[in-house]
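The structure appears right after this line, and notes come after that.
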Amino acid sequence: MLRRTTLTALVLVVASLLAGCQASFADLRLKVAAGARGGVYYGLSNTLATVWSRQLAIRPPEVLATEGSVDNLRMLREGRAQVGFSQGDTASDEYAREATNPTLAGNGLRALTRMHDDYLQIVVRADSPMRKLSDLRGKRVSIGAMNSGVQVIAQRLLDTAKVRVEKDLVAVQYGVADSATALREGRIDAFFWSGGLPTEAVNTLSKAVKLRMIDLSDVLPELRKRYPGYGAASLPASIYDLASGPVATLVVRNFLVVTASMRDDVAEALTSSVYASLPDLVTANSAARTIDVRGAVETDPLPLHPGAVNYYRSTKL
């Protein structure tokens with residue numbers, strides 16, 4: 001009850017602050033790099049675009065379907081988008097480039113907030129004999145769209161399991177919607193996906209085909225030694241009515257990212273609006289239930305935008 005009261009008070013305060021600064025954003029034009037259609041990024045991006053338009057009195061931001069995190073960050077760097085979602089591992093890799101490439105510093109990546117966590121989902125049919133990562137050898141597998149964060153994780157997991165993408169798999173590069181269709185039609189045997197729970201495309205597939213998930217308990221300890229930024233968690237069977245029961249899987253943080261060139265007042269307003277719109281985000285996807293202002297600043301190693309810092313200071317975090 002106390003948490004609900006606190007959240008309600010926070011929403012009211014943020015809404016009041018936003019109301020006082022709407023006029024300064026009349027000419028603001030935003031494009032949001034949103035990931036694949038059918039993914040959690042895309043659904044939340046559309047909700048944020050609606051909320052930002054309403055609360056900041058701006059033209060509705062354009063939501064761009066993309067290949068995923070790598071593509072999103074590239075679009076931010078190139079000025080083709082002003083806001084984007086990214087997995088924490090991909091953002092960390094891209095941010096590290098700034099230290100060795102001074103030309104990137106002027107348009108450096110900055111976080112507005114930590115968002116929901118992604119769960120790695122390796123999806124197979126319930127009647128498949130595949131139970132662990134090494135069982136994918138010789139199978140037709142979608143490792144995620146090119147330039148997606150999914151592909152980054154898939155490659156690291158397969159390397160850890162000593163499964164070679166080029167030689168041990170019949171690998172294709174599909175986004176989540178195309179992967180789900182291909183599995184349903186029997187054109188692939190498994191696919192990798194990293195997303196919040198539930199992911200719309202996987203949820204829709206689970207209503208047409210009984211599914212299982214590959215358990216990663218045998219490879220997670222070694223993977224996390226190599227890449228300490230990843231977490232581990234149990235993926236509940238109830239999410240997709242899985243025949244496998246719960247499975248151990250990898251968890252990765254998500255960030256809402258902009259660049260250092262964004263005005264401080266814009267970054268502050270966008271961040272404020274995220275927390276003013278939490279009920280809308282939860283309605284869009286229940287993965288947003290894990291978005292919490294108390295954990296919002298946990299974006300290391302990606303630094304927070306100064307405008308976001310101003311917002312968190314105003315909330316006495």
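Chain lettering (A, B, ...) mirrors the order of the structure tokens, residue numbering begins at 1 for each chain separately, and ligand numbering begins at 1 in order of display.
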
Legend entry - strand (DSSP E) per DSSP on the backbone: members of range 12-206 of chain A, as an MDAnalysis selection string: chainID A and resid 31:33 62:64 83:87 109:125 140:142 170:172 190:195

Legend entry - Glu268 in chain A surroundings by only C-alpha atoms, 6 Å radius, close-in-sequence under 5 positions cut, as a PyMOL selection string: chain A and resi 307-308+311

C-alpha atoms of the current selection, written as an mmCIF file, in the first residue's frame:
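In the end it all went to result.cif:
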data_model
loop_
_atom_site.group_PDB
_atom_site.id
_atom_site.type_symbol
_atom_site.label_atom_id
_atom_site.label_comp_id
_atom_site.auth_asym_id
_atom_site.auth_seq_id
_atom_site.Cartn_x
_atom_site.Cartn_y
_atom_site.Cartn_z
ATOM 1 C CA GLY A 307 18.985 15.968 -17.892
ATOM 2 C CA ALA A 308 18.073 12.555 -16.487
ATOM 3 C CA TYR A 311 15.145 14.505 -12.791
#

Inset, instruction - Grab the CA of Ala111 in chain A to CA of Leu73 in chain A distance for me, in Å with one decimal place. - result: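 We find that CA of Ala111 in chain A and CA of Leu73 in chain A lie 11.5 Å from each other.
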
Range 33-116 of chain A near range 144-152 of chain A within 7 Å: what's each residue's closest atom pair and its distance in Å to one decimal, counting only C-alpha atoms, ordered by chain then ascending residue number, as JSON lines?
{"residue": "A:Glu67", "atom": "CA", "partner": "A:Ser148", "partner_atom": "CA", "distance": 5.4}
{"residue": "A:Gly68", "atom": "CA", "partner": "A:Ser148", "partner_atom": "CA", "distance": 4.0}
{"residue": "A:Ser69", "atom": "CA", "partner": "A:Gly149", "partner_atom": "CA", "distance": 4.9}
{"residue": "A:Val70", "atom": "CA", "partner": "A:Asn147", "partner_atom": "CA", "distance": 4.9}
{"residue": "A:Asp71", "atom": "CA", "partner": "A:Asn147", "partner_atom": "CA", "distance": 5.3}
{"residue": "A:Gln87", "atom": "CA", "partner": "A:Gly149", "partner_atom": "CA", "distance": 6.5}
{"residue": "A:Thr90", "atom": "CA", "partner": "A:Gly149", "partner_atom": "CA", "distance": 6.1}

Inset, instruction - Fewer than 5 positions away in the same chain doesn't count, so skip those; otherwise give me all residues within 10 Å of range 127-137 of chain A, counting only C-alpha atoms, as an NGL selection string. - result: :A and (122 or 157-158 or 160-165 or 167-170 or 189-191 or 210-219 or 243-244)

Legend entry - Length of the CA of Arg224 in chain A to CA of Val251 in chain A vector [Å]: 10.6 Å

Legend entry - Residue nearest Ile153 in chain A - candidates A:Phe85, A:Tyr227, A:Trp52, A:Phe255, atoms counted: only C-alpha atoms: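 Smallest distance to Ile153 in chain A is found for A:Tyr227.
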